[in-house]
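Structure data (compact mmCIF, C-alpha atoms) from input-v9.txt:
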# COMPACT_ATOMS: atom_id res chain seq x y z
CA MET A 1 -62.71 -12.94 226.70
CA LYS A 2 -62.49 -13.80 230.33
CA ALA A 3 -63.92 -11.33 232.81
CA MET A 4 -63.21 -11.25 236.56
CA LYS A 5 -65.77 -9.24 238.51
CA TYR A 6 -64.92 -7.73 241.85
CA ILE A 7 -67.56 -5.51 243.44
CA VAL A 8 -71.15 -6.21 242.39
CA PRO A 9 -73.65 -3.59 243.64
CA ALA A 10 -77.39 -4.05 243.29
CA PHE A 11 -79.45 -0.94 243.75
CA VAL A 12 -82.01 1.63 242.65
CA SER A 13 -81.46 5.19 243.97
CA ILE A 14 -81.99 8.86 243.07
CA LEU A 15 -79.20 11.43 242.93
CA PHE A 16 -79.47 14.98 244.15
CA LEU A 17 -76.68 17.53 244.62
CA SER A 18 -76.63 20.55 246.94
CA ALA A 19 -74.25 22.74 248.90
CA CYS A 20 -74.03 22.18 252.64
CA ASN A 21 -72.32 24.31 255.26
CA LYS A 22 -69.46 22.32 256.83
CA SER A 23 -69.88 23.81 260.29
CA LYS A 24 -73.44 22.48 260.61
CA LEU A 25 -72.73 18.85 259.67
CA ASP A 26 -71.97 16.01 262.05
CA PHE A 27 -71.12 12.83 260.13
CA ASP A 28 -71.78 9.26 261.21
CA ALA A 29 -69.21 7.48 259.05
CA THR A 30 -66.43 7.90 256.52
CA GLY A 31 -65.71 5.80 253.47
CA THR A 32 -64.14 5.51 250.02
CA PHE A 33 -65.77 5.17 246.61
CA GLU A 34 -65.33 1.96 244.66
CA ALA A 35 -66.68 0.72 241.35
CA GLU A 36 -67.58 -2.60 239.83
CA GLU A 37 -64.50 -3.40 237.77
CA ILE A 38 -64.08 -6.05 235.09
CA MET A 39 -60.58 -7.16 234.19
CA VAL A 40 -60.73 -8.46 230.63
CA SER A 41 -58.05 -11.01 229.72
CA SER A 42 -57.18 -12.60 226.41
CA GLU A 43 -58.67 -15.97 225.51
CA ALA A 44 -56.49 -16.30 222.41
CA MET A 45 -52.82 -16.28 221.48
CA GLY A 46 -51.44 -14.20 218.64
CA GLN A 47 -50.59 -10.72 217.45
CA ILE A 48 -53.12 -8.02 218.30
CA GLY A 49 -54.40 -6.80 214.95
CA GLN A 50 -56.67 -3.97 216.05
CA LEU A 51 -57.74 -2.08 219.19
CA ASN A 52 -60.58 0.42 218.83
CA PHE A 53 -60.46 2.04 222.27
CA ASN A 54 -58.41 4.18 224.64
CA GLU A 55 -58.49 4.83 228.36
CA GLY A 56 -61.49 6.96 229.28
CA ASP A 57 -63.65 5.76 226.38
CA GLN A 58 -67.27 4.85 227.02
CA VAL A 59 -68.18 1.43 225.65
CA LYS A 60 -71.39 -0.58 225.36
CA GLU A 61 -71.93 -4.24 226.18
CA GLY A 62 -71.24 -6.36 223.09
CA GLN A 63 -69.35 -3.53 221.34
CA PHE A 64 -66.55 -4.71 219.02
CA LEU A 65 -63.23 -3.42 220.40
CA GLY A 66 -60.66 -5.17 218.23
CA PHE A 67 -59.24 -8.55 217.34
CA VAL A 68 -56.29 -10.91 217.70
CA ASP A 69 -54.90 -12.34 214.45
CA SER A 70 -56.64 -15.67 213.77
CA THR A 71 -55.15 -16.60 210.39
CA GLN A 72 -53.81 -19.98 211.45
CA VAL A 73 -57.09 -21.02 213.09
CA TYR A 74 -59.01 -19.92 209.98
CA LEU A 75 -56.75 -21.98 207.71
CA LYS A 76 -57.21 -25.05 209.90
CA LEU A 77 -60.96 -24.56 209.68
CA GLN A 78 -60.79 -24.38 205.88
CA GLN A 79 -58.74 -27.58 205.81
CA LEU A 80 -61.36 -29.38 207.90
CA ASN A 81 -64.13 -28.13 205.61
CA ALA A 82 -62.28 -29.59 202.63
CA GLN A 83 -61.86 -32.96 204.36
CA ILE A 84 -65.53 -33.09 205.33
CA ALA A 85 -66.55 -32.20 201.77
CA SER A 86 -64.29 -34.95 200.39
CA ILE A 87 -65.96 -37.56 202.59
CA ALA A 88 -69.40 -36.33 201.56
CA ALA A 89 -68.43 -36.67 197.89
CA ARG A 90 -67.63 -40.36 198.42
CA LYS A 91 -71.07 -41.17 199.74
CA PRO A 92 -72.94 -43.50 197.37
CA GLU A 93 -76.20 -42.45 195.78
CA VAL A 94 -78.18 -45.35 197.21
CA ALA A 95 -81.45 -44.59 195.44
CA THR A 96 -79.74 -44.13 192.07
CA GLN A 97 -77.80 -47.36 192.32
CA LEU A 98 -80.82 -49.38 193.47
CA LYS A 99 -82.93 -47.96 190.64
CA VAL A 100 -80.86 -50.07 188.20
CA PHE A 101 -82.30 -53.22 189.77
CA ASP A 102 -85.82 -51.80 189.72
CA ASP A 103 -85.45 -51.04 186.02
CA GLN A 104 -84.32 -54.62 185.34
CA ILE A 105 -87.29 -56.03 187.23
CA ALA A 106 -89.66 -53.74 185.30
CA VAL A 107 -88.30 -55.03 181.96
CA LEU A 108 -88.68 -58.65 183.08
CA LYS A 109 -92.27 -58.03 184.18
CA ILE A 110 -93.12 -56.54 180.78
CA LYS A 111 -91.71 -59.64 179.10
CA LYS A 112 -93.77 -61.86 181.38
CA GLU A 113 -96.93 -59.89 180.62
CA THR A 114 -96.28 -60.44 176.92
CA LEU A 115 -95.74 -64.18 177.49
CA THR A 116 -98.90 -64.34 179.60
CA LYS A 117 -100.93 -63.04 176.67
CA GLU A 118 -99.19 -65.47 174.33
CA LYS A 119 -99.92 -68.33 176.69
CA ALA A 120 -103.64 -67.47 176.76
CA ARG A 121 -103.71 -67.35 172.95
CA PHE A 122 -101.87 -70.67 172.53
CA GLU A 123 -104.06 -72.38 175.12
CA LYS A 124 -107.05 -71.68 172.82
CA LEU A 125 -105.12 -72.83 169.78
CA VAL A 126 -104.05 -76.06 171.49
CA GLN A 127 -107.64 -76.71 172.58
CA GLN A 128 -108.67 -76.20 168.98
CA LYS A 129 -105.77 -78.41 167.93
CA ALA A 130 -104.54 -75.53 165.77
CA ALA A 131 -101.12 -75.47 167.47
CA PRO A 132 -98.89 -78.11 169.01
CA SER A 133 -98.83 -78.35 172.81
CA LYS A 134 -95.03 -78.09 172.77
CA GLN A 135 -95.29 -74.40 171.93
CA LEU A 136 -97.43 -73.89 175.04
CA ASP A 137 -94.89 -75.80 177.11
CA ASP A 138 -92.10 -73.56 175.77
CA ILE A 139 -94.03 -70.42 176.74
CA GLU A 140 -94.62 -71.72 180.26
CA ALA A 141 -90.90 -72.60 180.56
CA GLN A 142 -89.99 -69.04 179.48
CA MET A 143 -92.35 -67.59 182.08
CA GLU A 144 -90.78 -69.72 184.81
CA GLU A 145 -87.36 -68.51 183.67
CA LEU A 146 -88.54 -64.89 183.92
CA ASP A 147 -89.86 -65.51 187.46
CA ALA A 148 -86.46 -66.93 188.40
CA GLN A 149 -84.69 -63.90 186.90
CA VAL A 150 -86.96 -61.51 188.84
CA ALA A 151 -86.22 -63.37 192.06
CA LEU A 152 -82.49 -63.24 191.33
CA VAL A 153 -82.54 -59.49 190.62
CA ARG A 154 -84.47 -58.90 193.83
CA GLN A 155 -81.83 -60.81 195.78
CA GLN A 156 -79.11 -58.78 194.08
CA LYS A 157 -80.93 -55.58 194.96
CA LEU A 158 -81.23 -56.65 198.60
CA ALA A 159 -77.53 -57.49 198.78
CA ALA A 160 -76.56 -54.23 197.07
CA SER A 161 -78.81 -52.26 199.40
CA SER A 162 -77.20 -53.88 202.43
CA ASN A 163 -73.69 -53.16 201.15
CA LEU A 164 -74.51 -49.57 200.26
CA ASN A 165 -76.07 -48.91 203.67
CA VAL A 166 -73.00 -50.34 205.43
CA GLN A 167 -70.77 -48.16 203.25
CA LEU A 168 -72.95 -45.12 203.87
CA LYS A 169 -73.00 -45.69 207.62
CA GLY A 170 -69.21 -45.87 207.67
CA LEU A 171 -68.86 -42.68 205.66
CA ASN A 172 -71.36 -40.93 207.94
CA GLN A 173 -69.29 -41.89 210.97
CA ASP A 174 -65.96 -40.91 209.40
CA PRO A 175 -66.49 -37.12 209.55
CA GLN A 176 -67.88 -37.03 213.10
CA ALA A 177 -64.46 -36.39 214.63
CA LEU A 178 -63.77 -33.77 211.96
CA ILE A 179 -67.11 -32.07 212.63
CA LEU A 180 -66.28 -31.84 216.34
CA GLN A 181 -62.90 -30.34 215.49
CA LYS A 182 -64.66 -27.86 213.21
CA GLU A 183 -67.02 -26.81 216.01
CA GLN A 184 -64.05 -26.36 218.35
CA LEU A 185 -62.28 -24.14 215.82
CA GLN A 186 -65.44 -22.13 215.20
CA ASP A 187 -65.75 -21.54 218.94
CA GLN A 188 -62.06 -20.68 219.12
CA LEU A 189 -62.45 -18.11 216.36
CA THR A 190 -65.01 -16.19 218.44
CA LYS A 191 -62.39 -15.74 221.16
CA TYR A 192 -60.15 -13.83 218.75
CA ARG A 193 -62.77 -11.06 218.60
CA LEU A 194 -62.47 -8.54 221.43
CA VAL A 195 -65.98 -7.65 222.54
CA SER A 196 -66.87 -5.58 225.58
CA PRO A 197 -68.48 -7.77 228.26
CA ALA A 198 -70.34 -4.83 229.81
CA SER A 199 -71.17 -1.16 229.41
CA GLY A 200 -68.83 1.21 231.19
CA THR A 201 -65.63 3.23 231.00
CA ILE A 202 -62.20 1.93 229.97
CA LEU A 203 -60.19 2.48 233.14
CA SER A 204 -56.92 0.91 232.00
CA LYS A 205 -55.45 -0.29 228.72
CA TYR A 206 -52.60 -2.76 229.11
CA VAL A 207 -51.69 -3.60 225.49
CA ASN A 208 -51.28 -1.95 222.10
CA GLU A 209 -51.69 -3.03 218.49
CA LYS A 210 -48.99 -5.35 217.09
CA GLU A 211 -48.16 -6.66 220.57
CA LEU A 212 -48.61 -10.34 221.36
CA ALA A 213 -51.64 -11.51 223.29
CA ALA A 214 -51.33 -14.58 225.51
CA LEU A 215 -53.92 -16.71 227.25
CA GLY A 216 -54.94 -15.01 230.49
CA LYS A 217 -52.97 -11.84 229.75
CA PRO A 218 -54.91 -8.71 230.83
CA LEU A 219 -55.95 -6.53 227.92
CA TYR A 220 -57.99 -3.79 229.55
CA LYS A 221 -60.16 -2.98 232.55
CA ILE A 222 -63.72 -1.65 232.48
CA GLY A 223 -65.37 0.23 235.31
CA LYS A 224 -69.09 0.78 235.72
CA LEU A 225 -69.00 4.44 236.77
CA ASP A 226 -72.65 5.45 236.34
CA THR A 227 -73.17 4.33 239.93
CA LEU A 228 -70.39 3.98 242.49
CA THR A 229 -70.23 2.08 245.75
CA LEU A 230 -69.30 3.92 248.93
CA ARG A 231 -67.54 1.48 251.25
CA ALA A 232 -68.00 2.98 254.71
CA TYR A 233 -67.45 1.89 258.32
CA ILE A 234 -69.85 2.18 261.25
CA THR A 235 -69.42 1.35 264.92
CA GLY A 236 -71.25 -1.31 266.86
CA ASP A 237 -73.41 1.38 268.47
CA GLN A 238 -74.60 2.46 265.01
CA PHE A 239 -75.21 -1.08 263.77
CA SER A 240 -78.79 -1.18 265.04
CA ASP A 241 -79.61 2.12 263.31
CA ILE A 242 -79.05 0.85 259.78
CA LYS A 243 -80.85 -1.61 257.52
CA LEU A 244 -80.80 -2.76 253.93
CA GLN A 245 -82.40 -0.44 251.34
CA GLN A 246 -82.13 2.42 253.83
CA LYS A 247 -81.62 5.81 252.22
CA VAL A 248 -78.64 7.77 253.55
CA LYS A 249 -76.98 11.10 252.82
CA VAL A 250 -73.51 11.12 251.29
CA PHE A 251 -71.27 14.21 251.39
CA VAL A 252 -68.26 14.91 249.22
CA ASP A 253 -65.84 17.71 250.06
CA LYS A 254 -66.00 20.64 247.60
CA GLY A 255 -63.66 22.98 249.50
CA GLU A 256 -65.79 25.45 251.43
CA ASP A 257 -68.82 23.20 251.47
CA TYR A 258 -70.00 19.69 250.60
CA ALA A 259 -71.81 18.24 247.62
CA GLU A 260 -74.71 16.16 248.91
CA TYR A 261 -75.90 12.93 247.31
CA GLN A 262 -78.52 10.41 248.28
CA GLY A 263 -77.51 6.76 248.39
CA VAL A 264 -79.04 3.42 249.28
CA VAL A 265 -77.51 0.82 251.61
CA TYR A 266 -77.39 -2.49 249.75
CA TRP A 267 -74.95 -4.53 251.87
CA ILE A 268 -74.14 -4.71 255.59
CA SER A 269 -71.38 -6.89 257.00
CA ASP A 270 -72.42 -9.25 259.79
CA LYS A 271 -68.87 -9.48 261.12
CA ALA A 272 -66.90 -6.77 262.89
CA GLU A 273 -63.33 -5.91 261.88
CA PHE A 274 -60.63 -3.56 263.09
CA THR A 275 -60.88 0.04 261.95
CA PRO A 276 -58.64 0.74 258.91
CA LYS A 277 -55.85 3.18 259.68
CA THR A 278 -57.08 5.60 257.04
CA ILE A 279 -60.64 5.80 258.45
CA GLN A 280 -61.81 8.01 261.30
CA THR A 281 -65.22 7.10 262.65
CA LYS A 282 -67.56 9.12 264.79
CA LYS A 283 -66.37 7.31 267.91
CA GLU A 284 -62.64 6.99 267.52
CA ARG A 285 -62.36 5.00 270.73
CA ALA A 286 -64.18 2.04 269.15
CA ASN A 287 -61.76 -0.67 268.06
CA LEU A 288 -64.15 -2.68 265.91
CA VAL A 289 -66.35 -1.47 263.04
CA TYR A 290 -68.78 -2.94 260.52
CA VAL A 291 -68.50 -2.44 256.78
CA ILE A 292 -71.50 -1.16 254.84
CA LYS A 293 -71.84 -0.55 251.11
CA VAL A 294 -73.92 2.30 249.73
CA ALA A 295 -74.94 2.67 246.09
CA VAL A 296 -74.50 6.29 244.99
CA PRO A 297 -75.61 7.48 241.52
CA ASN A 298 -72.89 9.21 239.49
CA LYS A 299 -74.81 10.36 236.43
CA GLU A 300 -72.72 13.53 236.05
CA GLY A 301 -69.45 11.67 236.54
CA LEU A 302 -68.22 13.91 239.38
CA LEU A 303 -67.53 11.05 241.78
CA LYS A 304 -64.23 9.22 241.29
CA ILE A 305 -62.86 5.86 242.37
CA GLY A 306 -60.82 6.27 245.56
CA MET A 307 -62.48 9.56 246.55
CA THR A 308 -63.22 9.91 250.29
CA SER A 309 -66.75 10.71 251.40
CA GLU A 310 -68.72 11.31 254.60
CA LEU A 311 -72.02 9.70 255.52
CA LYS A 312 -75.07 10.54 257.60
CA LEU A 313 -77.44 7.71 258.48
CA LYS A 314 -80.39 9.90 259.38

Reformat the file's structure so that it appears as structure tokens.
Amino acid sequence: MKAMKYIVPAFVSILFLSACNKSKLDFDATGTFEAEEIMVSSEAMGQIGQLNFNEGDQVKEGQFLGFVDSTQVYLKLQQLNAQIASIAARKPEVATQLKVFDDQIAVLKIKKETLTKEKARFEKLVQQKAAPSKQLDDIEAQMEELDAQVALVRQQKLAASSNLNVQLKGLNQDPQALILQKEQLQDQLTKYRLVSPASGTILSKYVNEKELAALGKPLYKIGKLDTLTLRAYITGDQFSDIKLQQKVKVFVDKGEDYAEYQGVVYWISDKAEFTPKTIQTKKERANLVYVIKVAVPNKEGLLKIGMTSELKLK
């Protein structure tokens, strides 16, 4: 799933809530609450098979939320597995085939050992003139023939080994493209699973089961609501009174009084901009203001996106 992040607050702050008399408060700035939102879009095409969430649900990072039908991708993957297995089955058993030559050489060596013993015996008999020398010559000729046969079998083994290795190398290279395709399909299959990219609240749900998902089509939006960002505006005169990690007081209208929170400034704009029409600052005559962002804990969930709030710097 693709996730586009908008507002990214970084903070550590402590929440406290109290009632404050409106008549005794003089605010330094006004702002609106925002949240880090993640728009989750589809990375796969197909019919949505299952959605396990609704708007307002709390979800955890990595939580399984549903899936897009992946039957065709799965079948392609099975086809590739079959092709790769077929190539593997054609690979020659090099050691087994070369063992035939080794067995032949072993038999020839046993024959030569037998002839060697016979030669030694006939040499004594010829010396004793108990056997004709021609028999000794025949034995020596047989031994030379065995040596020639051993040499021939060794050459055949070498040639066979070379051919088998060439064949094996070719078969090893053949499935490489298929293996890459398999890895691509395996990666593609993971994109058919809908998994929450972060912990938060489902703010919007844009699709339903049985509808078609398309690449880049928004599926749902997650908001991190445990801590909100107050986007407020200060004047140039106030700019020198604020710094990063500064603790400030945030006030939310409750009717007859205000709910008070403590926030931490985590971002200060270094460029002035014109005051938004919806914002009234302490000094309304100032034409230019600076944006600040304040992290405000929302453990009880009372603060809402878009809610207006007041701010005191000191």

* Asked: Residues at most 10 Å from range 59-64 of chain A, counting all atoms listed in the file, excluding those fewer than 4 positions away in the same chain, as an NGL selection string?
  -> :A and (51-53 or 193-202 or 222)

* Neighbour list for Leu115 in chain A as a list of chain:residue names, cut-off 8 Å, all atoms listed in the file, skip fewer than 4 positions in-chain -> A:Lys111, A:Lys119, A:Ile139, A:Gln142, A:Met143

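The spacing separating CA of Lys210 in chain A from CA of Ala44 in chain A amounts to 14.3 Å.
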
If we count only C-alpha atoms, what is near range 286-298 of chain A at a cut-off of 6 Å, once residues fewer than 3 positions away on the same chain are taken out, given as a PDB file with C-alpha atoms, in the coordinates of the input?
ATOM      1  CA  LEU A  15     -79.200  11.430 242.930  1.00  0.00           C
ATOM      2  CA  ASP A 226     -72.650   5.450 236.340  1.00  0.00           C
ATOM      3  CA  THR A 227     -73.170   4.330 239.930  1.00  0.00           C
ATOM      4  CA  LEU A 228     -70.390   3.980 242.490  1.00  0.00           C
ATOM      5  CA  THR A 229     -70.230   2.080 245.750  1.00  0.00           C
ATOM      6  CA  LEU A 230     -69.300   3.920 248.930  1.00  0.00           C
ATOM      7  CA  ARG A 231     -67.540   1.480 251.250  1.00  0.00           C
ATOM      8  CA  ALA A 232     -68.000   2.980 254.710  1.00  0.00           C
ATOM      9  CA  TYR A 233     -67.450   1.890 258.320  1.00  0.00           C
ATOM     10  CA  ILE A 234     -69.850   2.180 261.250  1.00  0.00           C
ATOM     11  CA  THR A 235     -69.420   1.350 264.920  1.00  0.00           C
ATOM     12  CA  GLY A 263     -77.510   6.760 248.390  1.00  0.00           C
ATOM     13  CA  VAL A 264     -79.040   3.420 249.280  1.00  0.00           C
ATOM     14  CA  VAL A 265     -77.510   0.820 251.610  1.00  0.00           C
ATOM     15  CA  TYR A 266     -77.390  -2.490 249.750  1.00  0.00           C
ATOM     16  CA  TRP A 267     -74.950  -4.530 251.870  1.00  0.00           C
ATOM     17  CA  ILE A 268     -74.140  -4.710 255.590  1.00  0.00           C
ATOM     18  CA  SER A 269     -71.380  -6.890 257.000  1.00  0.00           C
ATOM     19  CA  ALA A 272     -66.900  -6.770 262.890  1.00  0.00           C
ATOM     20  CA  GLU A 273     -63.330  -5.910 261.880  1.00  0.00           C
ATOM     21  CA  PHE A 274     -60.630  -3.560 263.090  1.00  0.00           C
ATOM     22  CA  THR A 275     -60.880   0.040 261.950  1.00  0.00           C
ATOM     23  CA  LYS A 283     -66.370   7.310 267.910  1.00  0.00           C
ATOM     24  CA  GLY A 301     -69.450  11.670 236.540  1.00  0.00           C
TER      25      GLY A 301
END

* To do: Tell me which of A:Glu256, A:Val153, A:Val166, A:Tyr220 sits closest to Asn208 in chain A, counting all atoms listed in the file.
  => A:Tyr220

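Each of A:Ser161, A:Lys224, A:Lys247, A:Gln47 was compared to Lys299 in chain A using only C-alpha atoms, and A:Lys224 turns out to be the nearest.
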
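Each of A:Glu118, A:Glu36, A:Asp28, A:Glu209 was compared to Asn54 in chain A using all atoms listed in the file, and A:Glu209 turns out to be the nearest.
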
* To do: Mind giving me the straight-line distance from CA of Gln188 in chain A to CA of Ala88 in chain A in Å, one decimal?
  => 24.6 Å

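Across the model, the gap from CA of Leu203 in chain A to CA of Ser41 in chain A is 14.1 Å.
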
* To do: Name the residues in contact with Gln104 in chain A at a cut-off of 10 Å, using only C-alpha atoms, excluding same-chain residues fewer than 6 positions from it; report them as a PyMOL selection string.
  => chain A and resi 149-150+153-154

* Structure fact -> Across A:Ile242, A:Ile105, A:Leu302, A:Leu65, the smallest distance to Val40 in chain A, with all atoms listed in the file counted, is shown by A:Leu65

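Take the candidates A:Leu80, A:Lys191, A:Leu180, A:Glu123 and check each one against Ala214 in chain A using all atoms listed in the file; the shortest distance goes to A:Lys191.
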
* To do: Give the answer as one residue: which of A:Lys304, A:Lys249, A:Arg90, A:Lys314 has the shortest atom-to-atom distance to Leu164 in chain A, using only C-alpha atoms?
  => A:Arg90
